[in-house]
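This report concerns only the one structure given below.
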Amino acid sequence: MAASPITADNFLGIALVINRSQDGPAFVFHYPAHIRPPSTDAVAPDTTDLHDALLERLSQPANRESLRGAAGLPRNWDRDDHYTTDSGTQIVPWEHCVGFPARDLAGILTPARSYHKKLFQLSLDPLHCISYPIHVPASGRWKKQKKAHKSSRGSKLSEEQLLKPQDAETAPSAGGGKDSGSHGNSNGKDKDAGKKDDGDEEKRSSMTMFNLVFFLKPRNDEVKDLVEALYVNIVKKANKAFKYSQQHSDFVWKESKRILVAKDKAREEQKKMSILWKEILQVSSLAAAMQDIYEAVSQNKIAALHLETAAGVLTPSFQIPAPFYVSDLPPEDDLRQCGLWLTTANAFMSPEDLEEPGYLDRNFALLLMDDEKKIVAELQADPDPTTVSMVEFVHLSKPTMSFYQVGQSNVLTLGQVRKYAQHFIFWRRAIAIPPLHARDVYIVSPNCDLSRLPRDSFDWQRQFPASPSLPGFLGELSHAPRPYKHLAPSKIHRPTYLLMLAWLMRRGWVTQLCTFAYIVVWPEIIYEVDYEMAAEDLAAAEKAREEAQAASPPDPHKLADSDAPSEHLEASITSASSGPDPPSPTTTTAVISPVTVEHAAEKARLERIADKAHREATEKVIAHARRTPPQATDHPSINAAAHLTGLEPHIILDPRKATGKESRYISAIRKRLRDQKVQTAWDKFCRYFDGRTALERIALQEEMKRKEVWSLLTAMTEYIMCTRHW
């Protein structure tokens, strides 16, 4: 939101460059006619830090001469007339642009095919060029092969999103033109047309690339944001619109030839540049489109083009979206955002919300930014076939009704509601806001533009003559936050007061004061969950021990533990004490096997481990038995029992991502809610307690009465921590 705006100061101009198979690059047209150089210093190759490609081209003598000629012109030259130097060289005004020879610019602004449909940037400090080059397809033909059995309605624009919404249904087909209805005929005309098409396809346009280039002069700290905003919203879409028109009607090449021929003729006639540019803008819709793009973008308006192609008129529209809200107060010295609607309704939407079907439909309404009668009159003057349903949409859509509610009427489908809402928002005739409601709380926006108070006070009094003055009404709102309905003298006045609220919201004077909540887990519940988990662990350990004992097989060595080992040991001791005396012939000497010794040692080790585990388990059982059993109280938030000392409350930031202990905390809280209805509501509502979803939206999302929702929320207040802001 804080990105620098695009103005005539940092957006210098726009130019079209093409490349031809035989004649090479050509600088076709640029607008404005006189794009001023980024600096007033004379451009010279030995003093200007240029791109390597430009340096290479400037190293050629002819180019150096042209630069010296341009730099040596008299200061009083208005750059409109042709100028002849002392050596007889004719300086043509349009053959230099932004301080460089147009021929050299055409060369460096003709990138290789590897840049096809990619961001191309060129820095000629401080000049910055960006574009989206379009190369001829690998087949060498701009036109696509036509598919059989396709009607004109079935072959709409492949990049239909470039058209303004009301034109999407009536976009000209690839076959287009007045004869689009004759596809079903099978007479001789079709055969002739087919032969002609085949002949046209065999012709290869000599244009192999075109590039609509935007010249910028950004500050160092705004290069990234400026380039991104312009490239995504304007550069890419404008070149795609030209690409479509070129593929379907050879539009760019035909218009380029027309302009180049006019420039060559004007060069011979030494026609003034101002006159030539005026003539070109009148006869070339491509040049006029470039003018529209520059004028609209540099003034933060919508660029609505009118391309008169052989396949029909195309009307693509694009813009850099104008911010209509801020989620936080901008710096005091940033006057650009002063007066914008202040809200977190848009900024706080999570990916889960956007993926949820119907979320936007239920949580947003349309607020027209102009008078309804005026908008309806403009719509009725448009012959578009969708006018009737769009007028109905304007009549039905109220800032107090969500898109979902409007779509429940028998007049429009929900799909139409979404489509028309997008149309009005795109054309900046409306914004999407949470539905206005008399039970909600509204305050004077901290971001309101006080400089507009005198003018808006006059408009307010004219619009609502029987209401209090604007300063007085804003003072009432600022007195103490309370439901908006309390400002209306009676229920009869509420509809009028809601109209007044919509007016204030439209002008950025008010914002909604919303309530946000987190789940707070008090020490009493933390202790209870820990106690239960410890008991479960002890029970599980005991059960595992019993199962292990029951499942272990008998040890064959145990069968001889009572006699064999002792006899062997006794015999061994006896043998060791007899010394060197030879054994009696009647005495048998017992020898202990190494395996038996290892088994005895392992057995002893396992017994020691088992004894230790048993002691530890016993100690845990004793320690757990000594703990104070958890006891639920009516108000755990004020429970100061001794066994809770040292425990701090825990905040669950996002219940939808709760796992482990946090999920048990949520379940434990549910058990504390004694009313079954409140327990059921807890299961539904707890996902909204993430500090980002306004509690005022729950009624909309769950399709419940607001009074009922707040009654249920009141029953949960012991376990939620609330905060209020916009």
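Note on naming: chains are A, B, ... as they come in the structure tokens, residues start from 1 per chain, ligands start from 1 in the order shown.
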
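Shell of Glu528 in chain A at 12 Å, with only C-alpha atoms counted and residues fewer than 5 places along the chain excluded, is Val521, Trp522, Pro523, Met533, Ala534, Ala535, Arg627, Thr628, Pro629, Pro630, Gln631, Ala632, Thr633, Pro636, His643, Leu644, Leu647, Lys661, Arg664, Tyr665, Ser667, Ala668, Ile669, Lys671 and Arg672 of chain A.
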
Include C-alpha atoms and write out the residues we just selected as a PDB file, in the first residue's frame.
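This is the output file out.pdb:
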```pdb
ATOM      1  CA  VAL A 521      -6.336 -20.806  28.731  1.00  0.00           C
ATOM      2  CA  TRP A 522      -6.246 -20.036  32.449  1.00  0.00           C
ATOM      3  CA  PRO A 523      -3.815 -21.819  34.838  1.00  0.00           C
ATOM      4  CA  MET A 533      -2.145 -36.281  30.820  1.00  0.00           C
ATOM      5  CA  ALA A 534       0.141 -37.408  33.689  1.00  0.00           C
ATOM      6  CA  ALA A 535      -2.529 -39.854  34.923  1.00  0.00           C
ATOM      7  CA  ARG A 627      -0.725 -33.649  43.715  1.00  0.00           C
ATOM      8  CA  THR A 628      -3.864 -31.679  44.397  1.00  0.00           C
ATOM      9  CA  PRO A 629      -6.657 -33.050  42.249  1.00  0.00           C
ATOM     10  CA  PRO A 630      -7.949 -30.442  39.776  1.00  0.00           C
ATOM     11  CA  GLN A 631     -11.140 -28.723  40.740  1.00  0.00           C
ATOM     12  CA  ALA A 632     -13.256 -26.771  38.261  1.00  0.00           C
ATOM     13  CA  THR A 633     -14.449 -23.361  39.429  1.00  0.00           C
ATOM     14  CA  PRO A 636     -11.002 -19.915  36.459  1.00  0.00           C
ATOM     15  CA  HIS A 643      -1.186 -25.468  43.400  1.00  0.00           C
ATOM     16  CA  LEU A 644      -1.519 -23.053  40.447  1.00  0.00           C
ATOM     17  CA  LEU A 647       1.535 -21.209  35.934  1.00  0.00           C
ATOM     18  CA  LYS A 661      -2.015 -29.705  24.342  1.00  0.00           C
ATOM     19  CA  ARG A 664      -6.956 -30.552  24.717  1.00  0.00           C
ATOM     20  CA  TYR A 665      -7.267 -27.068  26.176  1.00  0.00           C
ATOM     21  CA  SER A 667     -11.842 -29.545  24.611  1.00  0.00           C
ATOM     22  CA  ALA A 668     -11.436 -28.860  28.331  1.00  0.00           C
ATOM     23  CA  ILE A 669     -12.996 -25.439  27.926  1.00  0.00           C
ATOM     24  CA  LYS A 671     -16.630 -29.240  29.018  1.00  0.00           C
ATOM     25  CA  ARG A 672     -16.753 -26.197  31.288  1.00  0.00           C
TER      26      ARG A 672
END
```

Exercise for the section: List the neighbours of Trp460 in chain A out to 12 Å using only C-alpha atoms; skip same-chain residues closer than 6 positions along the sequence, and give me the result as a ChimeraX atom specification. Expected result: /A:452-454,466-474,499-504,506-507,509

Next, dump the selected residues to file, keeping only C-alpha atoms, as a PDB file, in the first residue's frame.
```
ATOM      1  CA  ARG A 452     -12.297  18.087   3.129  1.00  0.00           C
ATOM      2  CA  LEU A 453     -14.597  19.008   5.993  1.00  0.00           C
ATOM      3  CA  PRO A 454     -15.861  22.357   4.596  1.00  0.00           C
ATOM      4  CA  ALA A 466     -32.990  17.370   8.044  1.00  0.00           C
ATOM      5  CA  SER A 467     -29.980  15.781   9.711  1.00  0.00           C
ATOM      6  CA  PRO A 468     -27.514  17.376  12.137  1.00  0.00           C
ATOM      7  CA  SER A 469     -24.522  19.145  10.628  1.00  0.00           C
ATOM      8  CA  LEU A 470     -21.604  16.984   9.573  1.00  0.00           C
ATOM      9  CA  PRO A 471     -19.259  18.244  12.348  1.00  0.00           C
ATOM     10  CA  GLY A 472     -22.050  17.727  14.885  1.00  0.00           C
ATOM     11  CA  PHE A 473     -22.805  14.207  13.711  1.00  0.00           C
ATOM     12  CA  LEU A 474     -19.130  13.249  13.713  1.00  0.00           C
ATOM     13  CA  LEU A 499     -27.982   6.003   4.180  1.00  0.00           C
ATOM     14  CA  MET A 500     -26.076   8.631   6.117  1.00  0.00           C
ATOM     15  CA  LEU A 501     -23.676   5.953   7.324  1.00  0.00           C
ATOM     16  CA  ALA A 502     -23.076   4.768   3.760  1.00  0.00           C
ATOM     17  CA  TRP A 503     -22.355   8.368   2.720  1.00  0.00           C
ATOM     18  CA  LEU A 504     -19.811   8.753   5.539  1.00  0.00           C
ATOM     19  CA  ARG A 506     -17.958   6.427   1.017  1.00  0.00           C
ATOM     20  CA  ARG A 507     -16.118   9.633   1.908  1.00  0.00           C
ATOM     21  CA  TRP A 509     -15.146   9.728   7.433  1.00  0.00           C
TER      22      TRP A 509
END
```

Problem - Arg20 in chain A environment, 7 Å, only C-alpha atoms, sequence neighbours closer than 2 positions dropped, as a list in words - result: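 The residues satisfying every condition are Ile18, Gln22, Asp23, Gly24, Pro25, Ser206, Met207 and Thr208 of chain A.
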
Handout entry: Residues near range 232-234 of chain A, cut-off 8 Å, only C-alpha atoms, skip fewer than 2 positions along chain, as a list in words
Key = Glu228, Ala229, Leu230, Lys236, Lys237, Ala238, Phe318, Gln319, Ile320 and Pro321 of chain A

Practice task
Would you mind listing what lies within 10 Å of Pro655 in chain A as a list in words, with only C-alpha atoms counted and same-chain residues fewer than 3 positions away left out?
Solution key: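 Counting only the stated atoms, we get Tyr518, Ile519, Ile651, Ile652, Ala658, Thr659, Glu662, Ser663, Ile666, Phe685, Cys686, Arg687, Tyr688, Phe689 and Asp690 of chain A.
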
Exercise for the section: Determine, counting only C-alpha atoms, which protein, DNA and RNA residues have an atom within 8 Å of an atom of Ile6 in chain A; residues of the same chain fewer than 6 positions away are not included. Present the result as number ranges by chain. Expected result: A: 226, 297-300

What would the file look like if the residues just selected were written as a PDB file, in the first residue's frame with all heavy atoms?
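Below is the file that was written, again_24.pdb:
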```
ATOM      1  N   LEU A 226       7.992   0.021  -8.235  1.00  0.00           N
ATOM      2  CA  LEU A 226       7.467   0.678  -9.435  1.00  0.00           C
ATOM      3  C   LEU A 226       7.450  -0.282 -10.622  1.00  0.00           C
ATOM      4  O   LEU A 226       6.457  -0.375 -11.346  1.00  0.00           O
ATOM      5  CB  LEU A 226       8.316   1.916  -9.755  1.00  0.00           C
ATOM      6  CG  LEU A 226       7.666   3.013 -10.601  1.00  0.00           C
ATOM      7  CD1 LEU A 226       6.496   3.628  -9.868  1.00  0.00           C
ATOM      8  CD2 LEU A 226       8.689   4.087 -10.943  1.00  0.00           C
ATOM      9  N   VAL A 297      -2.328   5.934 -17.138  1.00  0.00           N
ATOM     10  CA  VAL A 297      -1.462   5.399 -16.087  1.00  0.00           C
ATOM     11  C   VAL A 297      -0.767   6.514 -15.319  1.00  0.00           C
ATOM     12  O   VAL A 297      -0.665   6.470 -14.092  1.00  0.00           O
ATOM     13  CB  VAL A 297      -0.430   4.430 -16.693  1.00  0.00           C
ATOM     14  CG1 VAL A 297       0.579   3.978 -15.644  1.00  0.00           C
ATOM     15  CG2 VAL A 297      -1.137   3.222 -17.298  1.00  0.00           C
ATOM     16  N   SER A 298      -0.291   7.530 -16.024  1.00  0.00           N
ATOM     17  CA  SER A 298       0.415   8.623 -15.345  1.00  0.00           C
ATOM     18  C   SER A 298      -0.513   9.476 -14.490  1.00  0.00           C
ATOM     19  O   SER A 298      -0.048  10.221 -13.630  1.00  0.00           O
ATOM     20  CB  SER A 298       1.128   9.511 -16.376  1.00  0.00           C
ATOM     21  OG  SER A 298       0.187  10.117 -17.258  1.00  0.00           O
ATOM     22  N   GLN A 299      -1.832   9.352 -14.712  1.00  0.00           N
ATOM     23  CA  GLN A 299      -2.805  10.103 -13.909  1.00  0.00           C
ATOM     24  C   GLN A 299      -3.636   9.195 -12.999  1.00  0.00           C
ATOM     25  O   GLN A 299      -4.675   9.591 -12.497  1.00  0.00           O
ATOM     26  CB  GLN A 299      -3.743  10.891 -14.829  1.00  0.00           C
ATOM     27  CG  GLN A 299      -3.030  11.924 -15.689  1.00  0.00           C
ATOM     28  CD  GLN A 299      -3.983  12.657 -16.610  1.00  0.00           C
ATOM     29  OE1 GLN A 299      -5.073  13.055 -16.209  1.00  0.00           O
ATOM     30  NE2 GLN A 299      -3.587  12.831 -17.860  1.00  0.00           N
ATOM     31  N   ASN A 300      -3.159   7.953 -12.830  1.00  0.00           N
ATOM     32  CA  ASN A 300      -3.832   6.998 -11.955  1.00  0.00           C
ATOM     33  C   ASN A 300      -5.277   6.764 -12.378  1.00  0.00           C
ATOM     34  O   ASN A 300      -6.187   6.746 -11.561  1.00  0.00           O
ATOM     35  CB  ASN A 300      -3.781   7.461 -10.492  1.00  0.00           C
ATOM     36  CG  ASN A 300      -4.230   6.375  -9.532  1.00  0.00           C
ATOM     37  OD1 ASN A 300      -4.111   5.188  -9.837  1.00  0.00           O
ATOM     38  ND2 ASN A 300      -4.759   6.762  -8.399  1.00  0.00           N
TER      39      ASN A 300
END
```

Sorted by chain and rising residue number, list the residues of range 370-395 of chain A at most 8 Å from range 411-416 of chain A (counting only C-alpha atoms), each with its closest atom pair and distance in Å to one decimal, as a Markdown table.
```
| residue | atom | partner | partner_atom | distance |
| --- | --- | --- | --- | --- |
| A:Ser389 | CA | A:Leu412 | CA | 7.5 |
| A:Glu392 | CA | A:Val411 | CA | 7.7 |
| A:Phe393 | CA | A:Leu412 | CA | 7.4 |
```

Grab the residues selected above and save them as a PDB file, in the first residue's frame with C-alpha atoms.
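Now in out.pdb:
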```pdb
ATOM      1  CA  SER A 389     -29.438  -7.093 -15.609  1.00  0.00           C
ATOM      2  CA  GLU A 392     -31.205  -4.587 -11.701  1.00  0.00           C
ATOM      3  CA  PHE A 393     -27.994  -5.356  -9.849  1.00  0.00           C
TER       4      PHE A 393
END
```

Range 671-700 of chain A near range 426-444 of chain A within 12 Å: what's each residue's closest atom pair and its distance in Å to one decimal, counting only C-alpha atoms, ordered by chain then ascending residue number, as a Markdown table?
```
| residue | atom | partner | partner_atom | distance |
| --- | --- | --- | --- | --- |
| A:Thr693 | CA | A:Pro434 | CA | 11.9 |
| A:Ala694 | CA | A:Pro434 | CA | 10.3 |
| A:Leu695 | CA | A:Asp440 | CA | 10.6 |
| A:Glu696 | CA | A:Asp440 | CA | 7.4 |
| A:Arg697 | CA | A:Pro434 | CA | 8.1 |
| A:Ile698 | CA | A:Pro434 | CA | 11.8 |
| A:Ala699 | CA | A:Pro435 | CA | 11.4 |
| A:Leu700 | CA | A:Pro435 | CA | 9.0 |
```

Exercise for the section: Could you tell me how far CA of Pro489 in chain A lies from CA of Ala365 in chain A, in Å and to one decimal? Expected result: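 Separation of CA of Pro489 in chain A and CA of Ala365 in chain A: 25.9 Å.
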
Exercise for the section: Provide the CA of Ser327 in chain A to CA of Ala347 in chain A distance in Å, to one decimal place. Expected result: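 For CA of Ser327 in chain A relative to CA of Ala347 in chain A, the distance reads 6.3 Å.
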
Exercise for the section: Output as JSON, numbers by chain all residues of range 335-509 of chain A that backbone DSSP marks as alpha helix (DSSP H). Expected result: {"A": [351, 352, 353, 354, 355, 359, 360, 361, 362, 363, 372, 373, 374, 375, 376, 377, 378, 379, 380, 387, 388, 389, 390, 391, 392, 393, 394, 395, 396, 403, 404, 405, 406, 407, 414, 415, 416, 417, 418, 419, 420, 421, 422, 423, 424, 425, 426, 453, 454, 455, 456, 457, 458, 459, 460, 461, 462, 463, 470, 471, 472, 473, 474, 475, 476, 477, 478, 479, 494, 495, 496, 497, 498, 499, 500, 501, 502, 503, 504, 505, 506]}

Practice task
Give the strand (DSSP E) residues of range 355-433 of chain A, as DSSP finds them on the backbone, and put them as a count of residues only.
Solution key: 8
